[in-house]
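Q: Input: one structure, supplied below.
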Amino acid sequence: MKARAIRIHKYGPPSVLKWDEIDVPNPKADQVLIRHTAIGFNFADTYFRNGLYKVAGFPAVIGIEGAGVIEAAGSQVPGLKAGDRVVFGGGGPGTYSQASVRGAGPGTYSQASVRGAGPGTYSQASVRGAGEVIKLPGWLDDRTAALTKGCTVQYLFNQVHKIKRGETILFHAAAGGVGLIASQWAKALGARLIGTVSTPEKARLAKRHGAAHVINTSKQDIAKEVKRLSNGQGVDLVYGSVGFDQWHASLASVRKYGLVVLCGSASGKAPPMDFWEVGAETAAYFLRAKASNYVYDATSRGRSARHLFRMIKSGAIKIRIGQSYALKDAAQAHRDAEGRKTTGSTILLP
């Protein structure tokens, strides 16, 4: 079938995102054909667009998260049928161009081989391995499933480190899609989350979603505020989702024997660290957390998604859609995200 998709033919600024027509193949025995109804924007999408993360070949459909309705299922697909609402994503992204995939693992589109699962999601439809998709419960709207963002918080708070009641957390970009989920999840667990934001409006939003304290980075020094809020001790954990710009503040904010988790690079990769000097000064632990190391197959993806769905159903987590764009306007979504003009989750509508 024919479909429209956003593809890149080279790395670069948002203007390299092109609205192309593609061929979507019929599903093989262990695959499903999905008509997309909502596509989740994640900041990692900008990394694939600009080349920080590499695609396997051009042209490439980017995107790592989506929801939709199964149009056709292969003969060897158990438990899924045409008409089922599903969500997919939450692990390693795919970067296919135009052809078929084999199961949930690497395969080939006509012009590129791929690392990760399935084709990119910036399209009106795609064929995916049955192991990639999660059936949505009837009570959950496909626009608010937020699988990648929610599963990110799930693995950060349960696998990277099991959050304990009474712990104090510094979480950067607390008004973003991941940050708002993290603020609510931390509160539900009895932890105290200190969030960083860039505007007073974002500070109010993060507070409404459960952040105990919020630091406005445009007016306040992160490390000084953290020390003031922690009686000079520093926080138990730092989740560094911004990368370069706030890396030194992260190191200065963690308590002795605390944990610094590098889990994003919105402002670029964290700078090289002299572990001999920095490690001796902070006596902290350091960890690079990447989704594909925690949510990497059907079993881990399903486990993480079910935990997220329980949190949403309980009312502890409410997904906030801050803005939506037509899929063909994905370039504007990228500009707004990189310009720090977005809050909460962003979705693209085919």
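Every chain in the structure tokens takes a letter, A first, then B, and so on in the order presented; its residues are numbered from 1, and the ligands are numbered from 1 following the presented order.
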Mind checking DSSP for region 126-210 of chain A and telling me the strand (DSSP E or B) residues as a ChimeraX atom specification?

A: /A:126-129,133-135,168-171,176,192-197

Q: Skip Gly83 (chain A) itself and residues of its chain fewer than 3 positions away, then list as a PyMOL selection string all residues within 9 Å of it, counting only C-alpha atoms.

A: chain A and resi 69-72+80

Q: Any chance you can output those residues with N, CA and C atoms as a PDB file, in the first residue's frame?

A:
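Output (selection15.pdb):
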ATOM      1  N   VAL A  69      -4.062   1.134  14.729  1.00  0.00           N
ATOM      2  CA  VAL A  69      -5.009   0.026  14.614  1.00  0.00           C
ATOM      3  C   VAL A  69      -4.441  -0.994  13.629  1.00  0.00           C
ATOM      4  N   ILE A  70      -4.476  -2.261  14.017  1.00  0.00           N
ATOM      5  CA  ILE A  70      -3.993  -3.316  13.134  1.00  0.00           C
ATOM      6  C   ILE A  70      -4.945  -3.471  11.949  1.00  0.00           C
ATOM      7  N   GLU A  71      -4.398  -3.376  10.762  1.00  0.00           N
ATOM      8  CA  GLU A  71      -5.177  -3.554   9.534  1.00  0.00           C
ATOM      9  C   GLU A  71      -5.127  -5.002   9.043  1.00  0.00           C
ATOM     10  N   ALA A  72      -4.000  -5.674   9.291  1.00  0.00           N
ATOM     11  CA  ALA A  72      -3.848  -7.071   8.878  1.00  0.00           C
ATOM     12  C   ALA A  72      -2.774  -7.721   9.737  1.00  0.00           C
ATOM     13  N   LEU A  80      -3.215 -11.301  18.314  1.00  0.00           N
ATOM     14  CA  LEU A  80      -3.458 -10.008  17.678  1.00  0.00           C
ATOM     15  C   LEU A  80      -4.258 -10.233  16.404  1.00  0.00           C
TER      16      LEU A  80
END

Q: Pick out the closest residue to Arg7 (chain A) from this set: A:Ala212, A:Val260, A:Ile222, A:Ala330. Count only C-alpha atoms.

A: A:Ala330

Q: Counting only C-alpha atoms, give me one row per residue of region 167-190 of chain A with an atom at most 7 Å from an atom of region 142-154 of chain A, showing the shortest contact pair and its distance in Å to one decimal, sorted by chain then residue number, as JSON lines.

A:
{"residue": "A:Gly177", "atom": "CA", "partner": "A:Lys149", "partner_atom": "CA", "distance": 6.6}
{"residue": "A:Val178", "atom": "CA", "partner": "A:Lys149", "partner_atom": "CA", "distance": 5.1}
{"residue": "A:Ile181", "atom": "CA", "partner": "A:Gly150", "partner_atom": "CA", "distance": 6.6}
{"residue": "A:Ala182", "atom": "CA", "partner": "A:Val153", "partner_atom": "CA", "distance": 5.8}

Q: Would you list the contacts of Lys256 (chain A) as a list of chain:residue names, taking every protein, DNA or RNA residue within 7 Å and counting only C-alpha atoms, but skipping same-chain residues closer than 2 positions in sequence?

A: A:Val254, A:Gly258, A:Thr282, A:Ala283, A:Ala284

Q: Rounded to one decimal in Å, what is the spacing between CA of Ala203 (chain A) and CA of Gly40 (chain A)?

A: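 Distance between the two atoms: 23.4 Å.
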